[in-house]
>>> print(open('protein.txt').read())   # compact mmCIF, C-alpha atoms
# COMPACT_ATOMS: atom_id res chain seq x y z
CA MET A 4 -10.08 20.68 -12.86
CA GLN A 5 -11.09 20.77 -9.20
CA THR A 6 -13.55 17.92 -9.83
CA LEU A 7 -11.17 15.96 -12.05
CA THR A 8 -8.20 16.15 -9.66
CA PRO A 9 -9.65 13.91 -6.91
CA ILE A 10 -11.20 11.51 -9.43
CA LEU A 11 -8.01 11.08 -11.46
CA SER A 12 -5.81 10.80 -8.38
CA THR A 13 -8.22 8.29 -6.79
CA VAL A 14 -8.40 6.10 -9.91
CA THR A 15 -4.61 6.28 -10.46
CA ALA A 16 -3.75 5.46 -6.83
CA ALA A 17 -6.22 2.55 -6.71
CA PHE A 18 -5.04 1.24 -10.10
CA LEU A 19 -1.29 1.38 -9.38
CA ALA A 20 -1.54 0.03 -5.82
CA SER A 21 -3.87 -2.78 -6.89
CA PHE A 22 -1.67 -3.56 -9.90
CA VAL A 23 1.33 -4.27 -7.65
CA GLU A 24 -0.73 -6.42 -5.27
CA VAL A 25 -2.42 -8.39 -8.07
CA VAL A 26 0.96 -9.08 -9.71
CA GLU A 27 2.25 -10.56 -6.43
CA ALA A 28 -0.87 -12.70 -5.94
CA PHE A 29 -0.78 -13.80 -9.59
CA THR A 30 2.79 -15.11 -9.18
CA ILE A 31 1.72 -17.51 -6.41
CA VAL A 32 -1.50 -18.63 -8.14
CA LEU A 33 0.50 -19.25 -11.33
CA ALA A 34 3.10 -21.25 -9.37
CA VAL A 35 0.34 -23.42 -7.89
CA GLY A 36 -1.37 -23.85 -11.27
CA VAL A 37 1.81 -24.75 -13.14
CA THR A 38 3.38 -26.95 -10.44
CA ARG A 39 0.34 -28.77 -9.09
CA SER A 40 -2.77 -28.16 -11.19
CA TRP A 41 -5.17 -25.34 -11.99
CA ARG A 42 -8.02 -26.80 -9.93
CA PRO A 43 -6.57 -26.05 -6.44
CA ALA A 44 -5.04 -22.80 -7.77
CA LEU A 45 -8.36 -21.43 -9.01
CA THR A 46 -10.42 -22.90 -6.15
CA GLY A 47 -8.15 -21.26 -3.57
CA ALA A 48 -8.22 -17.94 -5.42
CA ALA A 49 -12.01 -18.04 -5.83
CA LEU A 50 -12.54 -18.82 -2.12
CA ALA A 51 -10.26 -15.94 -1.15
CA LEU A 52 -12.18 -13.56 -3.44
CA ALA A 53 -15.42 -14.75 -1.80
CA VAL A 54 -14.03 -14.02 1.70
CA LEU A 55 -12.90 -10.56 0.51
CA ALA A 56 -16.35 -9.86 -1.00
CA ALA A 57 -17.97 -10.92 2.30
CA LEU A 58 -15.66 -8.53 4.19
CA VAL A 59 -16.58 -5.63 1.90
CA LEU A 60 -20.30 -6.42 2.18
CA ALA A 61 -20.05 -6.72 5.98
CA PHE A 62 -18.00 -3.59 6.70
CA GLY A 63 -18.70 -1.37 3.68
CA PRO A 64 -22.18 -0.18 4.75
CA LEU A 65 -20.87 0.69 8.24
CA LEU A 66 -18.73 3.46 6.71
CA ALA A 67 -21.86 5.34 5.67
CA LEU A 68 -22.74 5.70 9.38
CA VAL A 69 -19.50 7.53 10.21
CA PRO A 70 -19.56 11.37 9.98
CA ILE A 71 -17.48 12.57 7.01
CA THR A 72 -14.91 14.59 9.00
CA THR A 73 -14.33 11.66 11.38
CA LEU A 74 -14.01 9.33 8.37
CA GLN A 75 -11.53 11.68 6.66
CA PHE A 76 -9.46 11.90 9.84
CA VAL A 77 -9.38 8.15 10.55
CA VAL A 78 -8.80 7.17 6.91
CA GLY A 79 -6.22 9.96 6.59
CA VAL A 80 -4.22 8.72 9.59
CA LEU A 81 -4.37 5.11 8.34
CA LEU A 82 -3.23 6.26 4.89
CA ILE A 83 -0.32 8.18 6.42
CA LEU A 84 0.82 5.00 8.23
CA PHE A 85 0.20 2.79 5.18
CA GLY A 86 1.66 5.21 2.61
CA MET A 87 4.76 6.05 4.66
CA ARG A 88 5.42 2.32 5.13
CA TRP A 89 5.37 1.83 1.33
CA LEU A 90 7.42 4.97 0.76
CA ARG A 91 10.03 4.01 3.36
CA LYS A 92 10.46 0.57 1.80
CA ALA A 93 10.64 2.02 -1.72
CA ILE A 94 13.31 4.55 -0.67
CA LEU A 95 15.31 1.84 1.11
CA ARG A 96 15.03 -0.46 -1.93
CA SER A 97 16.18 2.38 -4.18
CA VAL A 98 19.41 2.78 -2.23
CA GLY A 99 19.98 -0.95 -1.73
CA VAL A 100 19.20 -1.25 1.99
CA ILE A 101 16.35 -3.68 1.25
CA ALA A 102 16.51 -6.19 -1.61
CA LEU A 103 14.24 -5.54 -4.57
CA HIS A 104 11.17 -7.75 -4.84
CA ASP A 105 11.79 -10.37 -7.51
CA GLU A 106 8.75 -12.12 -8.99
CA GLU A 107 10.92 -14.82 -10.63
CA ALA A 108 12.50 -15.59 -7.24
CA ALA A 109 9.07 -15.65 -5.54
CA PHE A 110 7.82 -18.00 -8.27
CA SER A 111 10.84 -20.32 -7.90
CA GLU A 112 10.49 -20.34 -4.11
CA GLU A 113 6.81 -21.23 -4.31
CA THR A 114 7.27 -23.94 -6.94
CA ALA A 115 10.12 -25.48 -4.90
CA ALA A 116 7.90 -25.58 -1.80
CA LEU A 117 5.03 -27.11 -3.77
CA ARG A 118 7.31 -29.79 -5.28
CA GLN A 119 8.45 -30.76 -1.78
CA GLN A 120 4.80 -31.32 -0.86
CA ALA A 121 4.04 -33.25 -4.07
CA ASN A 122 3.98 -36.66 -2.38
CA ASP A 123 1.90 -35.50 0.57
CA ARG A 124 -1.63 -36.91 0.32
CA ARG A 125 -2.90 -33.43 1.18
CA ALA A 126 -0.87 -31.89 -1.68
CA ASP A 127 -3.93 -30.51 -3.49
CA TYR A 128 -5.25 -29.02 -0.25
CA LEU A 129 -1.88 -27.42 0.58
CA ALA A 130 -1.56 -26.05 -2.97
CA GLY A 131 -5.08 -24.60 -2.79
CA LEU A 132 -4.26 -23.14 0.61
CA ALA A 133 -1.17 -21.39 -0.80
CA SER A 134 -3.29 -19.86 -3.56
CA PHE A 135 -6.02 -18.90 -1.05
CA LYS A 136 -3.56 -17.19 1.31
CA ALA A 137 -1.80 -15.28 -1.48
CA VAL A 138 -5.03 -13.87 -2.92
CA LEU A 139 -6.53 -13.20 0.52
CA LEU A 140 -3.49 -11.36 1.92
CA GLU A 141 -2.82 -9.26 -1.18
CA GLY A 142 -6.58 -8.75 -1.55
CA VAL A 143 -6.94 -7.35 1.98
CA GLU A 144 -4.52 -4.60 0.95
CA VAL A 145 -6.48 -3.94 -2.25
CA VAL A 146 -9.76 -3.72 -0.30
CA PHE A 147 -8.20 -1.29 2.19
CA ILE A 148 -6.73 0.86 -0.59
CA VAL A 149 -10.05 1.02 -2.47
CA ILE A 150 -12.01 1.89 0.67
CA ALA A 151 -9.38 4.34 1.94
CA VAL A 152 -8.76 6.35 -1.23
CA GLY A 153 -12.43 6.19 -2.21
CA SER A 154 -14.46 6.67 0.94
CA ALA A 155 -13.24 10.04 2.22
CA HIS A 156 -14.56 11.86 -0.87
CA GLY A 157 -17.37 9.47 -1.80
CA GLN A 158 -15.40 7.99 -4.71
CA THR A 159 -15.40 4.31 -3.83
CA LEU A 160 -16.86 3.52 -7.25
CA TYR A 161 -13.96 5.21 -9.07
CA ALA A 162 -11.44 3.52 -6.76
CA SER A 163 -13.11 0.14 -7.41
CA LEU A 164 -12.93 0.73 -11.17
CA GLY A 165 -9.21 1.49 -10.85
CA ALA A 166 -8.65 -1.75 -8.92
CA LEU A 167 -10.80 -3.74 -11.35
CA ALA A 168 -8.83 -2.36 -14.31
CA ALA A 169 -5.59 -3.44 -12.62
CA PHE A 170 -7.00 -6.93 -11.99
CA ILE A 171 -8.14 -7.30 -15.61
CA LEU A 172 -4.85 -5.99 -17.02
CA VAL A 173 -2.71 -8.36 -14.90
CA MET A 174 -4.95 -11.33 -15.79
CA LEU A 175 -4.82 -10.53 -19.52
CA VAL A 176 -1.04 -10.03 -19.60
CA GLY A 177 -0.43 -12.95 -17.21
CA LEU A 178 -2.55 -15.38 -19.21
CA ALA A 179 -0.90 -14.20 -22.42
CA VAL A 180 2.70 -14.63 -21.24
CA HIS A 181 1.91 -17.51 -18.84
CA ARG A 182 4.83 -16.67 -16.55
CA PRO A 183 5.52 -14.35 -13.58
CA LEU A 184 5.35 -10.68 -14.52
CA ALA A 185 8.97 -10.11 -13.54
CA ARG A 186 9.49 -7.20 -15.93
CA VAL A 187 6.99 -5.00 -14.11
CA PRO A 188 9.04 -2.20 -12.46
CA GLU A 189 7.59 -3.01 -9.03
CA ASN A 190 9.74 -0.71 -6.92
CA ALA A 191 9.12 2.29 -9.16
CA LEU A 192 5.37 1.57 -8.95
CA LYS A 193 5.55 1.12 -5.18
CA PHE A 194 7.46 4.39 -4.92
CA VAL A 195 4.70 6.24 -6.80
CA VAL A 196 1.97 4.52 -4.78
CA GLY A 197 3.75 5.38 -1.51
CA LEU A 198 3.97 9.02 -2.62
CA MET A 199 0.28 9.11 -3.57
CA LEU A 200 -1.04 7.37 -0.45
CA THR A 201 1.09 9.51 1.87
CA SER A 202 -0.16 12.65 0.08
CA PHE A 203 -3.80 11.48 0.35
CA GLY A 204 -3.25 10.75 4.04
CA ILE A 205 -1.80 14.20 4.81
CA PHE A 206 -4.52 15.91 2.76
CA TRP A 207 -7.42 14.11 4.45
CA THR A 208 -6.00 14.22 7.96
CA GLY A 209 -5.63 17.97 7.39
CA GLU A 210 -9.26 18.19 6.27
CA GLY A 211 -10.24 16.05 9.26
CA ILE A 212 -8.76 18.61 11.68
CA GLY A 213 -10.51 21.41 9.79
CA ALA A 214 -7.80 22.66 7.41
CA ASP A 215 -9.26 24.58 4.50
CA TRP A 216 -6.50 23.80 1.99
CA PRO A 217 -5.76 26.66 -0.44
CA GLY A 218 -6.96 25.66 -3.91
CA ALA A 219 -9.24 22.99 -2.37
CA ASP A 220 -8.59 19.62 -4.08
CA LEU A 221 -5.71 21.08 -6.12
CA ALA A 222 -3.75 21.24 -2.86
CA LEU A 223 -3.46 17.46 -3.16
CA LEU A 224 -1.21 17.95 -6.21
CA ALA A 225 0.95 20.46 -4.32
CA ILE A 226 1.31 18.07 -1.37
CA PHE A 227 2.18 15.26 -3.80
CA ALA A 228 4.86 17.45 -5.43
CA ILE A 229 6.40 18.35 -2.05
CA VAL A 230 6.40 14.73 -0.82
CA THR A 231 7.91 13.61 -4.17
CA LEU A 232 10.70 16.21 -4.12
CA ALA A 233 11.51 15.43 -0.48
CA SER A 234 11.58 11.67 -1.15
CA PHE A 235 13.90 12.02 -4.14
CA ALA A 236 16.12 14.32 -2.07
CA MET A 237 16.26 11.59 0.61
CA VAL A 238 17.31 9.01 -2.00
CA ARG A 239 20.07 11.32 -3.31
CA TRP A 240 21.25 12.15 0.19
CA LEU A 241 21.33 8.49 1.28
CA ARG A 242 23.31 7.57 -1.84
CA SER A 243 25.89 10.26 -1.19
CA ALA A 244 26.06 9.71 2.59
CA TYR A 245 26.25 5.91 2.31
CA PRO A 246 28.07 5.17 -0.98
CA ALA A 247 28.66 1.55 0.06
CA LEU A 248 24.96 0.89 -0.48
CA THR A 249 23.97 0.07 -4.06
CA GLY A 250 20.73 1.38 -5.51
CA GLY A 251 18.12 -0.07 -7.85
CA PHE A 252 15.40 2.49 -8.41
CA ALA A 253 14.70 1.37 -11.98
CA ARG A 254 13.07 -1.84 -10.79
CA MET B 23 -10.89 -18.55 13.18
CA ASN B 24 -7.49 -18.97 11.52
CA VAL B 25 -8.69 -16.95 8.53
CA ILE B 26 -9.75 -14.09 10.80
CA ARG B 27 -6.42 -14.21 12.64
CA LEU B 28 -4.59 -14.26 9.30
CA ILE B 29 -6.52 -11.22 8.06
CA ALA B 30 -6.08 -9.36 11.36
CA LYS B 31 -2.32 -10.01 11.32
CA GLU B 32 -2.03 -8.86 7.71
CA PHE B 33 -4.16 -5.78 8.43
CA PHE B 34 -1.96 -4.76 11.37
CA GLY B 35 1.20 -5.42 9.34
CA MET B 36 -0.10 -3.09 6.62
CA PHE B 37 0.40 -0.10 8.89
CA VAL B 38 3.31 -1.10 11.08
CA ASP B 39 6.65 -2.10 9.59
CA ASP B 40 9.09 0.17 11.37
CA GLY B 41 7.33 0.48 14.76
CA ASN B 42 9.20 3.70 15.52
CA LEU B 43 7.94 5.37 12.35
CA ALA B 44 4.34 4.35 13.04
CA LEU B 45 4.52 5.49 16.67
CA LEU B 46 6.10 8.86 15.82
CA ALA B 47 3.53 9.46 13.06
CA LEU B 48 0.68 8.73 15.48
CA VAL B 49 2.20 10.99 18.16
CA LEU B 50 2.58 13.77 15.56
CA VAL B 51 -1.07 13.47 14.51
CA VAL B 52 -2.29 13.44 18.13
CA ILE B 53 -0.18 16.50 19.07
CA ILE B 54 -1.33 18.49 16.02
CA ALA B 55 -4.99 17.49 16.44
CA ALA B 56 -4.84 18.43 20.13
CA ALA B 57 -3.14 21.76 19.34
CA VAL B 58 -5.87 22.59 16.80
CA LYS B 59 -8.76 21.59 19.05
CA LEU B 60 -7.45 22.76 22.43
CA LEU B 61 -4.88 25.50 21.74
CA ALA B 62 -6.64 27.12 18.77
CA LEU B 63 -3.77 26.41 16.37
CA PRO B 64 -5.03 27.41 12.89
CA PRO B 65 -6.06 24.13 11.14
CA LEU B 66 -4.18 25.09 7.95
CA LEU B 67 -0.99 25.58 9.96
CA GLY B 68 -1.71 22.20 11.57
CA GLY B 69 -1.94 20.65 8.08
CA ALA B 70 1.36 22.26 7.04
CA LEU B 71 3.04 21.03 10.23
CA LEU B 72 1.66 17.55 9.54
CA LEU B 73 3.28 17.58 6.07
CA VAL B 74 6.66 18.75 7.40
CA GLY B 75 6.48 16.40 10.40
CA CYS B 76 5.69 13.32 8.27
CA LEU B 77 8.66 14.06 6.00
CA ALA B 78 10.96 14.56 9.00
CA ILE B 79 9.82 11.23 10.52
CA LEU B 80 10.37 9.49 7.18
CA LEU B 81 13.87 10.97 6.94
CA LEU B 82 14.72 9.77 10.47
CA SER B 83 13.43 6.29 9.68
CA VAL B 84 15.33 5.80 6.40
CA ARG B 85 18.51 7.28 7.90
CA ARG B 86 18.32 4.86 10.84
CA ALA B 87 17.80 1.90 8.49
CA ALA B 88 20.70 2.98 6.25
CA GLN B 89 22.99 3.44 9.27
CA ALA B 90 22.08 -0.03 10.59
CA THR B 91 22.89 -1.63 7.22
CA ASN B 92 26.09 0.36 6.75
CA ARG B 93 27.60 -0.75 10.07
>>> encode(input="protein.txt", output="structure tokens")
Amino acid sequence: MQTLTPILSTVTAAFLASFVEVVEAFTIVLAVGVTRSWRPALTGAALALAVLAALVLAFGPLLALVPITTLQFVVGVLLILFGMRWLRKAILRSVGVIALHDEEAAFSEETAALRQQANDRRADYLAGLASFKAVLLEGVEVVFIVIAVGSAHGQTLYASLGALAAFILVMLVGLAVHRPLARVPENALKFVVGLMLTSFGIFWTGEGIGADWPGADLALLAIFAIVTLASFAMVRWLRSAYPALTGGFAR
Amino acid sequence: MNVIRLIAKEFFGMFVDDGNLALLALVLVVIIAAAVKLLALPPLLGGALLLVGCLAILLLSVRRAAQATNR
């Protein structure tokens, strides 16, 4: 159980976080492919993946040079910042302070922009650039998530497999339905990812300052439970304190 | 060069959305780490304080955002 806990939590966190990012990138690549043509869409996406691979190859080996407690501390602090940002947004979306992310709207917005550029002689270049930027920017987050949740306990391989599974699943479903994956409950997924990343961050920052958590890796589950209960309590409290706001946790 | 700037901007934006939340979280980590290293605070207590502190900072941040929208 103590060996399975970090592996399962690492794979799950990497899978869910990557799933959300890949869905968002897929929407833009699909918009480019459908509106303009698949050549710039796939060329832009492939170039972005190449840049991401180069980044991993350039910076990945450097992590092995960092002492493990320093790595846990630095990665832990970055995960606290990253996870709390996701969690904050998910809570605020749940109570209606921030609008829910809508893949159909993102798709329509992108196709409208691409149609406006249709007569530009650089239209193919601009379409490819849109695809490149979408995959690169969402991919940077995936790379960080994989490195962050994987490196502190030497589980980058498991984290990479989680991200790869998310990529394959989105591609399979996306190619099958050939439209934006608007029915994916993005905010619920982001909520879970925010909870997991924040919990990882607190756990590793604690280890980085020398905390010997009771139950070792099982403490991660306890931290996750506490962060989850507190976050749901915040949602309930915000809904009762600010009834004018309308929630949308289901999406 | 633009690609590097684009990546750097995205990377920074990954951690900082509500600047106040990011700053308070960093201050919390620095204070706890300093208390453990310099004032001999038990590391486990430091970890527990980190958990409580992060949740308190999150609560402050979402409350402030809700108040701003509700006005």
>>> residues_around(input="protein.txt", residues="A:Tyr245", least_positions_apart="2", cutoff="10 Å", atoms="only C-alpha atoms", output="compact mmCIF listing (two decimals) with C-alpha atoms, keeping the file's coordinate frame")
# COMPACT_ATOMS: atom_id res chain seq x y z
CA VAL A 98 19.41 2.78 -2.23
CA ARG A 239 20.07 11.32 -3.31
CA TRP A 240 21.25 12.15 0.19
CA LEU A 241 21.33 8.49 1.28
CA ARG A 242 23.31 7.57 -1.84
CA SER A 243 25.89 10.26 -1.19
CA ALA A 247 28.66 1.55 0.06
CA LEU A 248 24.96 0.89 -0.48
CA THR A 249 23.97 0.07 -4.06
CA ARG B 85 18.51 7.28 7.90
CA ALA B 88 20.70 2.98 6.25
CA GLN B 89 22.99 3.44 9.27
CA THR B 91 22.89 -1.63 7.22
CA ASN B 92 26.09 0.36 6.75
>>> interface_residues(input="protein.txt", of="chain B", to="chain A", cutoff="7 Å", atoms="all atoms listed in the file", output="ChimeraX atom specification")
/B:29,32,36-37,39,44,55,65-66,69,72-73,80-81,84,88,91
>>> residues_around(input="protein.txt", residues="A:Ala16", least_positions_apart="3", cutoff="9 Å", atoms="all atoms listed in the file", output="mmCIF file with C-alpha atoms, keeping the file's coordinate frame")
data_model
loop_
_atom_site.group_PDB
_atom_site.id
_atom_site.type_symbol
_atom_site.label_atom_id
_atom_site.label_comp_id
_atom_site.auth_asym_id
_atom_site.auth_seq_id
_atom_site.Cartn_x
_atom_site.Cartn_y
_atom_site.Cartn_z
ATOM 1 C CA LEU A 11 -8.010 11.080 -11.460
ATOM 2 C CA SER A 12 -5.810 10.800 -8.380
ATOM 3 C CA THR A 13 -8.220 8.290 -6.790
ATOM 4 C CA LEU A 19 -1.290 1.380 -9.380
ATOM 5 C CA ALA A 20 -1.540 0.030 -5.820
ATOM 6 C CA SER A 21 -3.870 -2.780 -6.890
ATOM 7 C CA ILE A 148 -6.730 0.860 -0.590
ATOM 8 C CA VAL A 149 -10.050 1.020 -2.470
ATOM 9 C CA VAL A 152 -8.760 6.350 -1.230
ATOM 10 C CA ALA A 162 -11.440 3.520 -6.760
ATOM 11 C CA GLY A 165 -9.210 1.490 -10.850
ATOM 12 C CA ALA A 166 -8.650 -1.750 -8.920
ATOM 13 C CA VAL A 195 4.700 6.240 -6.800
ATOM 14 C CA VAL A 196 1.970 4.520 -4.780
ATOM 15 C CA MET A 199 0.280 9.110 -3.570
ATOM 16 C CA LEU A 200 -1.040 7.370 -0.450
#
>>> atom_distance(input="protein.txt", atom1="atom CA of B:Gly75", atom2="atom CA of A:Thr15")
25.7 Å
>>> residues_near_point(input="protein.txt", point="(6.3, -19.2, -1.3)", cutoff="10 Å", atoms="only C-alpha atoms", output="list in words")
Thr30, Ile31, Ala34, Val35, Ala108, Ala109, Phe110, Ser111, Glu112, Glu113, Thr114, Ala115, Ala116, Leu117, Ala133, Ser134 and Ala137 of chain A
>>> closest_residue(input="protein.txt", among="B:Gly41, B:Leu63, B:Ala56, B:Leu50", to="B:Leu77", atoms="only C-alpha atoms")
B:Leu50
>>> decode(input="protein.txt", residues="stretch 170-204 of chain A", atoms="N, CA and C atoms", output="PDB file, in the first residue's frame")
ATOM      1  N   PHE A 170      -3.106  11.702 -23.443  1.00  0.00           N
ATOM      2  CA  PHE A 170      -2.930  12.148 -24.834  1.00  0.00           C
ATOM      3  C   PHE A 170      -3.609  11.163 -25.790  1.00  0.00           C
ATOM      4  N   ILE A 171      -3.354   9.870 -25.585  1.00  0.00           N
ATOM      5  CA  ILE A 171      -3.919   8.846 -26.473  1.00  0.00           C
ATOM      6  C   ILE A 171      -5.446   8.831 -26.377  1.00  0.00           C
ATOM      7  N   LEU A 172      -5.958   8.916 -25.138  1.00  0.00           N
ATOM      8  CA  LEU A 172      -7.415   8.879 -24.945  1.00  0.00           C
ATOM      9  C   LEU A 172      -8.104  10.059 -25.631  1.00  0.00           C
ATOM     10  N   VAL A 173      -7.542  11.268 -25.447  1.00  0.00           N
ATOM     11  CA  VAL A 173      -8.146  12.462 -26.076  1.00  0.00           C
ATOM     12  C   VAL A 173      -8.093  12.340 -27.600  1.00  0.00           C
ATOM     13  N   MET A 174      -6.953  11.872 -28.132  1.00  0.00           N
ATOM     14  CA  MET A 174      -6.828  11.727 -29.589  1.00  0.00           C
ATOM     15  C   MET A 174      -7.848  10.718 -30.122  1.00  0.00           C
ATOM     16  N   LEU A 175      -7.983   9.584 -29.431  1.00  0.00           N
ATOM     17  CA  LEU A 175      -8.914   8.545 -29.897  1.00  0.00           C
ATOM     18  C   LEU A 175     -10.357   9.058 -29.883  1.00  0.00           C
ATOM     19  N   VAL A 176     -10.745   9.656 -28.750  1.00  0.00           N
ATOM     20  CA  VAL A 176     -12.124  10.160 -28.639  1.00  0.00           C
ATOM     21  C   VAL A 176     -12.334  11.323 -29.611  1.00  0.00           C
ATOM     22  N   GLY A 177     -11.343  12.228 -29.670  1.00  0.00           N
ATOM     23  CA  GLY A 177     -11.443  13.403 -30.532  1.00  0.00           C
ATOM     24  C   GLY A 177     -11.563  13.025 -31.998  1.00  0.00           C
ATOM     25  N   LEU A 178     -10.742  12.063 -32.435  1.00  0.00           N
ATOM     26  CA  LEU A 178     -10.801  11.647 -33.835  1.00  0.00           C
ATOM     27  C   LEU A 178     -12.102  10.911 -34.134  1.00  0.00           C
ATOM     28  N   ALA A 179     -12.623  10.231 -33.113  1.00  0.00           N
ATOM     29  CA  ALA A 179     -13.883   9.492 -33.312  1.00  0.00           C
ATOM     30  C   ALA A 179     -15.060  10.459 -33.441  1.00  0.00           C
ATOM     31  N   VAL A 180     -15.129  11.449 -32.557  1.00  0.00           N
ATOM     32  CA  VAL A 180     -16.294  12.351 -32.592  1.00  0.00           C
ATOM     33  C   VAL A 180     -16.073  13.536 -33.537  1.00  0.00           C
ATOM     34  N   HIS A 181     -14.791  13.848 -33.805  1.00  0.00           N
ATOM     35  CA  HIS A 181     -14.431  14.901 -34.752  1.00  0.00           C
ATOM     36  C   HIS A 181     -15.063  16.245 -34.392  1.00  0.00           C
ATOM     37  N   ARG A 182     -15.127  16.553 -33.134  1.00  0.00           N
ATOM     38  CA  ARG A 182     -15.633  17.850 -32.674  1.00  0.00           C
ATOM     39  C   ARG A 182     -15.032  18.130 -31.299  1.00  0.00           C
ATOM     40  N   PRO A 183     -15.144  19.396 -30.821  1.00  0.00           N
ATOM     41  CA  PRO A 183     -14.564  19.711 -29.510  1.00  0.00           C
ATOM     42  C   PRO A 183     -15.170  18.828 -28.413  1.00  0.00           C
ATOM     43  N   LEU A 184     -14.330  18.450 -27.457  1.00  0.00           N
ATOM     44  CA  LEU A 184     -14.813  17.558 -26.393  1.00  0.00           C
ATOM     45  C   LEU A 184     -15.493  18.391 -25.308  1.00  0.00           C
ATOM     46  N   ALA A 185     -16.643  18.972 -25.681  1.00  0.00           N
ATOM     47  CA  ALA A 185     -17.324  19.914 -24.790  1.00  0.00           C
ATOM     48  C   ALA A 185     -18.017  19.225 -23.629  1.00  0.00           C
ATOM     49  N   ARG A 186     -18.226  17.899 -23.737  1.00  0.00           N
ATOM     50  CA  ARG A 186     -18.959  17.229 -22.659  1.00  0.00           C
ATOM     51  C   ARG A 186     -18.040  16.754 -21.539  1.00  0.00           C
ATOM     52  N   VAL A 187     -16.749  16.995 -21.707  1.00  0.00           N
ATOM     53  CA  VAL A 187     -15.815  16.650 -20.622  1.00  0.00           C
ATOM     54  C   VAL A 187     -16.079  17.594 -19.451  1.00  0.00           C
ATOM     55  N   PRO A 188     -16.305  17.074 -18.241  1.00  0.00           N
ATOM     56  CA  PRO A 188     -16.574  17.956 -17.088  1.00  0.00           C
ATOM     57  C   PRO A 188     -15.286  18.632 -16.618  1.00  0.00           C
ATOM     58  N   GLU A 189     -14.867  19.665 -17.389  1.00  0.00           N
ATOM     59  CA  GLU A 189     -13.540  20.249 -17.165  1.00  0.00           C
ATOM     60  C   GLU A 189     -13.348  20.820 -15.770  1.00  0.00           C
ATOM     61  N   ASN A 190     -14.389  21.533 -15.249  1.00  0.00           N
ATOM     62  CA  ASN A 190     -14.153  22.158 -13.942  1.00  0.00           C
ATOM     63  C   ASN A 190     -14.053  21.121 -12.838  1.00  0.00           C
ATOM     64  N   ALA A 191     -14.847  20.057 -12.943  1.00  0.00           N
ATOM     65  CA  ALA A 191     -14.749  18.996 -11.935  1.00  0.00           C
ATOM     66  C   ALA A 191     -13.358  18.362 -11.982  1.00  0.00           C
ATOM     67  N   LEU A 192     -12.838  18.143 -13.207  1.00  0.00           N
ATOM     68  CA  LEU A 192     -11.495  17.575 -13.348  1.00  0.00           C
ATOM     69  C   LEU A 192     -10.446  18.526 -12.789  1.00  0.00           C
ATOM     70  N   LYS A 193     -10.614  19.830 -13.124  1.00  0.00           N
ATOM     71  CA  LYS A 193      -9.637  20.814 -12.641  1.00  0.00           C
ATOM     72  C   LYS A 193      -9.680  20.917 -11.123  1.00  0.00           C
ATOM     73  N   PHE A 194     -10.866  20.762 -10.564  1.00  0.00           N
ATOM     74  CA  PHE A 194     -11.014  20.786  -9.106  1.00  0.00           C
ATOM     75  C   PHE A 194     -10.193  19.650  -8.494  1.00  0.00           C
ATOM     76  N   VAL A 195     -10.366  18.444  -9.038  1.00  0.00           N
ATOM     77  CA  VAL A 195      -9.640  17.275  -8.515  1.00  0.00           C
ATOM     78  C   VAL A 195      -8.136  17.457  -8.690  1.00  0.00           C
ATOM     79  N   VAL A 196      -7.737  17.956  -9.877  1.00  0.00           N
ATOM     80  CA  VAL A 196      -6.305  18.155 -10.123  1.00  0.00           C
ATOM     81  C   VAL A 196      -5.735  19.195  -9.157  1.00  0.00           C
ATOM     82  N   GLY A 197      -6.477  20.278  -8.944  1.00  0.00           N
ATOM     83  CA  GLY A 197      -6.026  21.308  -7.995  1.00  0.00           C
ATOM     84  C   GLY A 197      -5.848  20.725  -6.604  1.00  0.00           C
ATOM     85  N   LEU A 198      -6.797  19.878  -6.195  1.00  0.00           N
ATOM     86  CA  LEU A 198      -6.699  19.231  -4.869  1.00  0.00           C
ATOM     87  C   LEU A 198      -5.450  18.351  -4.802  1.00  0.00           C
ATOM     88  N   MET A 199      -5.231  17.566  -5.866  1.00  0.00           N
ATOM     89  CA  MET A 199      -4.098  16.631  -5.858  1.00  0.00           C
ATOM     90  C   MET A 199      -2.757  17.364  -5.874  1.00  0.00           C
ATOM     91  N   LEU A 200      -2.636  18.377  -6.752  1.00  0.00           N
ATOM     92  CA  LEU A 200      -1.355  19.081  -6.870  1.00  0.00           C
ATOM     93  C   LEU A 200      -1.036  19.865  -5.595  1.00  0.00           C
ATOM     94  N   THR A 201      -2.072  20.478  -4.999  1.00  0.00           N
ATOM     95  CA  THR A 201      -1.846  21.200  -3.743  1.00  0.00           C
ATOM     96  C   THR A 201      -1.390  20.217  -2.648  1.00  0.00           C
ATOM     97  N   SER A 202      -2.029  19.041  -2.608  1.00  0.00           N
ATOM     98  CA  SER A 202      -1.661  18.035  -1.604  1.00  0.00           C
ATOM     99  C   SER A 202      -0.224  17.544  -1.810  1.00  0.00           C
ATOM    100  N   PHE A 203       0.129  17.272  -3.082  1.00  0.00           N
ATOM    101  CA  PHE A 203       1.514  16.882  -3.397  1.00  0.00           C
ATOM    102  C   PHE A 203       2.480  17.966  -2.926  1.00  0.00           C
ATOM    103  N   GLY A 204       2.125  19.221  -3.238  1.00  0.00           N
ATOM    104  CA  GLY A 204       3.008  20.338  -2.887  1.00  0.00           C
ATOM    105  C   GLY A 204       3.247  20.437  -1.394  1.00  0.00           C
TER     106      GLY A 204
END
